[in-house]
Every structure is written in C-alpha cells, then in structure tokens.
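Okay, structure first, notes after.
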Amino acid sequence: MKSSSPKYNQFVAMLAIAKASWRSIFRSPSAVIFSFLFPLIFILVFGFLSSTTPVIRVAFDPASSNNNQFYAHLLEKDNLKIIAQPDLISRQELEKGHMTAILKLKELNPDAFPKYVVEITTSTAATDKIGLLQSIIQQTIADLDQEHFPKRPTYGFMTKEVLPGREYRTIDFILPGQLGFSLLSAGVFGVAFVFFGLRQTLVLKRFFATPIKRSYIVFGEGIGRIAFQMLTAVVILSIGHFAFKFTLIHGWITFAEMMVLSLIGLIVFMGFGFIVSGLASSESAIPPFANLVTLPQFLLAGTFFPIENFPSWLHPICKILPLTHLNTAMRNVAFEGAHLGDCLPQLQYLLIWGLLLYAVAIKVFKWE
C-alpha cells in the first residue's frame, strides 16, 4: 500500500531554516554591531572628515589697515576663521599652535603699486597650515591684480590647461574598504559562532532526525546570513552616496555591480567561518582563530590606506590576501568606472581562495 503522506520538500525546509537564521541574526547584538554599526561608524567619521576643508585660524593685528578690498577679499575665504578680538591674542597662543598666524596689512603708498604688504607672524607649530595660508593670500593678490590690471605688462607668464575630472574624496577610498571588512567579519565571525552554537546546543543533531539533507541545512543558514549582509551593504552604500557623495560613477549599474562583488566576497569569506567553526573546540576558541584571519586583512588589505604605503617587502603578502582583491575591485568599479568584466584578475584570485577555503572546510567541518 502506498503511503498517503506528502513528499518532504527540501527547498521549503531550507527556506524555513533561512528565515530562522535571519531572525536570529537580528536578535544577536554582536552580529548587528560588527556587521553593520561598526563599519557604519567608520564611514560616518571619515565621511564627515572628507566633506570639510581645513580651518585656518588667524587674527589681524590691531594696527592692520583693514579698510580696503584686500581685507574684504580675505574675509570671503570660507576656510579662514578670523578671530574677532585680536587684542586678546598673545604670542603664546601662536607658539602653542592654537592659531596659524597674525596678519598685518600695511599700506605702502595709496597712489602707487603695490599698495599693501601682508606681514605674517607665525610659528613652527603651524607648519602644517602656513603653506595653505600663503596660497590663499597669493590667490587673493592674483584675483585683485586680474580685477584691476588685466593687461598689465609682465616679465614672464605660464599657461595652464584644466581638464575636467572627478574629485577623489577620502570616502571614495574608505567606504569600499569598510564594506569589504564588514563582509569579512560577517563571513568569519557570523558563520563560526552560528554553526558552533548549533552544534553545541544539539540543534544540528535534531535536524538530522528530520528528512532534510545536510546540504540544505548549510544553504538555509547561509541564505539567512547572506540576506542580512546584503541589506547591510545596501545601507552602507546608500548612506555613503547620498550623505557623503561617495562616487558611483555609472549610478545604478555601478550599485548593482558593487552588490554582486559584495555577494562574491561574502561567499568566499564564509569559507573562513566554516573552517574556524570546525577547528574551534570551544566557543572561547573562536575569537583567537577568527582574529588570525581578520586582523591581518584589516591592517594589510588596503582598508584604511593604500598598500603602497607599506614597505616593499610587505607588498607580496598584501597582494595574497583575498580582501585586498575585493577592495581593489570595488574601488575600480565605484570610482574608475570599471565593470565586472574588467575585474577578472581580482575575481580569479577570489575564486581560487574560495575553492581552497571550501576544500579545507569540508575536511575540518564538524556536525556534532
């Protein structure tokens, strides 16, 4: 007699596991903090820093001649902060670097040119901004010369061609690195803790009492993790683009390609998580194993600054790391205008890493 019970649906069971995994992630403060809030905080900090211009604090000497166009033009400079009560400024404030300079506009001759000389009093504590201040003053003089003497004779001249270009902001470098590190952290810590917890609480053992296959258990948990991290990537890219003008050179096409790269990177990094989960004998052993994977890549994979800043002997090590290639691909797509087909060298490295990681994961992963 044939059984009247319906056939067990592996796919529906997998989706149920994925849904449960998705919910468990949001109930885990550490998962939300390290996968979402931690990189978002870095992006906000660097976004605000990159959207501001250096502020130069200056004071005008009480004896300065300020009733003129020269003074008026300087007041229009956005990054010059004029101290309102210069008589309260002492030279000690200058020596401590609390301000960049004291300026004195001295009138030379009202009927001849040059009319004024700018006397600058500064200190060695302000060497990082004095060059910018001098450039501002020189540009002001050039603007006044152009305004009053456009056809004046000159001893020599130079020509300049200005090509159209895009401003490369700090956020254009930082955001792909932070997104890549968020994917790495989620893939390693998230997968390792989840599967170790399932094994330790005997949840996996209970799964075995059901008809669901082992591969569908892994896929179900993986889908939940991937869905959460893709949501994180969407939020990070959206905040970076709309709040801090992170460059997405081809708009939605670039956004979609960034999401594809994020998906590829996350799948590769999850291989690290499966390995750590299999090697760890206790929950307290997971962070040391995971940090061995994440910290070198956090420091050496171009997350905060180009790997070219490192000594040359470190470059081969940096270029081996999978996060380096993911960061490079993301930056090329977002700012340089490359497409996924142009990132084949980086994708090949990630594919090789993925094959190696999952080959090892199959060997060391434990179900019980």
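Each chain in the structure tokens gets a letter, A, B, ..., in the order shown, and its residues are numbered from 1; ligands are numbered from 1 in order too.
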Subject >> Test item: residues at most 8 Å from region 305-322 of chain A, only C-alpha atoms, excluding those fewer than 2 positions along its chain, as a list of chain:residue names >> reply: A:Phe173, A:Ile174, A:Gln297, A:Leu300, A:Ala301, A:Gly302, A:Thr303, A:Thr324, A:His325, A:Leu326, A:Tyr349, A:Leu350, A:Trp353
Just C-alpha atoms for this one: save the residues we selected as a PDB file, in the first residue's frame.
ATOM      1  CA  PHE A 173      38.763  55.105  -0.630  1.00  0.00           C
ATOM      2  CA  ILE A 174      37.424  54.354   2.842  1.00  0.00           C
ATOM      3  CA  GLN A 297      43.480  41.603   6.359  1.00  0.00           C
ATOM      4  CA  LEU A 300      47.236  44.929   5.342  1.00  0.00           C
ATOM      5  CA  ALA A 301      44.495  44.720   2.702  1.00  0.00           C
ATOM      6  CA  GLY A 302      44.175  48.438   1.988  1.00  0.00           C
ATOM      7  CA  THR A 303      41.211  49.069   4.271  1.00  0.00           C
ATOM      8  CA  THR A 324      42.913  43.144  -0.974  1.00  0.00           C
ATOM      9  CA  HIS A 325      41.472  41.948  -4.260  1.00  0.00           C
ATOM     10  CA  LEU A 326      37.877  42.588  -3.203  1.00  0.00           C
ATOM     11  CA  TYR A 349      42.009  35.419  -7.082  1.00  0.00           C
ATOM     12  CA  LEU A 350      38.743  35.308  -5.114  1.00  0.00           C
ATOM     13  CA  TRP A 353      40.608  31.450  -2.498  1.00  0.00           C
TER      14      TRP A 353
END
Subject >> Residue nearest Phe298 (chain A) among A:Ser238, A:Glu257, A:Phe228, A:Leu323 (counting only C-alpha atoms) >> reply: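 The closest residue to Phe298 (chain A) is A:Leu323.
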**OP:** Calculate how many Å separate CA of Ala18 (chain A) from CA of Ile223 (chain A), rounding to one decimal.
**Re:**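 Here the two named atoms are 5.5 Å from each other.
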Subject >> Gap from CA of Glu221 (chain A) to CA of Thr294 (chain A) - Å, one decimal >> reply: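 The value is 21.4 Å.
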Subject >> Contacts of Leu80 (chain A) within 7 Å, only C-alpha atoms, excl. fewer than 5 positions in-chain, as an MDAnalysis selection string >> reply: chainID A and resid 55:57
Subject >> Shell around Lys19 (chain A) at 12 Å using only C-alpha atoms, local window under 6 positions removed, as a VMD selection string >> reply: chain A and resid 12 to 13 25 to 26 217 219 to 228
Write the residues you've just listed into a file as a PDB file, in the first residue's frame, and include C-alpha atoms for each of them.
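Output contents, as saved in again20.pdb:
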ATOM      1  CA  VAL A  12      10.731  24.652   1.783  1.00  0.00           C
ATOM      2  CA  ALA A  13      12.661  23.282   4.756  1.00  0.00           C
ATOM      3  CA  ILE A  25      20.934  37.473  13.466  1.00  0.00           C
ATOM      4  CA  PHE A  26      18.807  40.462  14.470  1.00  0.00           C
ATOM      5  CA  ILE A 217      20.893  22.919   6.331  1.00  0.00           C
ATOM      6  CA  PHE A 219      22.291  26.515   2.406  1.00  0.00           C
ATOM      7  CA  GLY A 220      19.466  27.609   4.691  1.00  0.00           C
ATOM      8  CA  GLU A 221      21.805  29.116   7.273  1.00  0.00           C
ATOM      9  CA  GLY A 222      23.906  30.655   4.507  1.00  0.00           C
ATOM     10  CA  ILE A 223      20.930  32.325   2.849  1.00  0.00           C
ATOM     11  CA  GLY A 224      19.944  33.971   6.130  1.00  0.00           C
ATOM     12  CA  ARG A 225      23.470  35.291   6.644  1.00  0.00           C
ATOM     13  CA  ILE A 226      23.783  36.490   3.046  1.00  0.00           C
ATOM     14  CA  ALA A 227      20.399  38.254   3.112  1.00  0.00           C
ATOM     15  CA  PHE A 228      21.334  40.177   6.256  1.00  0.00           C
TER      16      PHE A 228
END
**OP:** Going by DSSP on the backbone, which bits of region 167-332 of chain A are helix (DSSP H, G or I)? Write them as a count of residues only, please.
**Re:** 136
Original post:
Looking at only C-alpha atoms, which of A:Leu248, A:Ile275, A:Ile253, A:Leu347 is the one that sits closest to Lys363 (chain A)?
Top reply: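 Closest to Lys363 (chain A), using only C-alpha atoms: A:Ile275.
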**OP:** Between CA of Ala59 (chain A) and CA of Asp78 (chain A), measure the distance and give it in Å to one decimal.
**Re:**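 Interatomic distance here is 15.0 Å.
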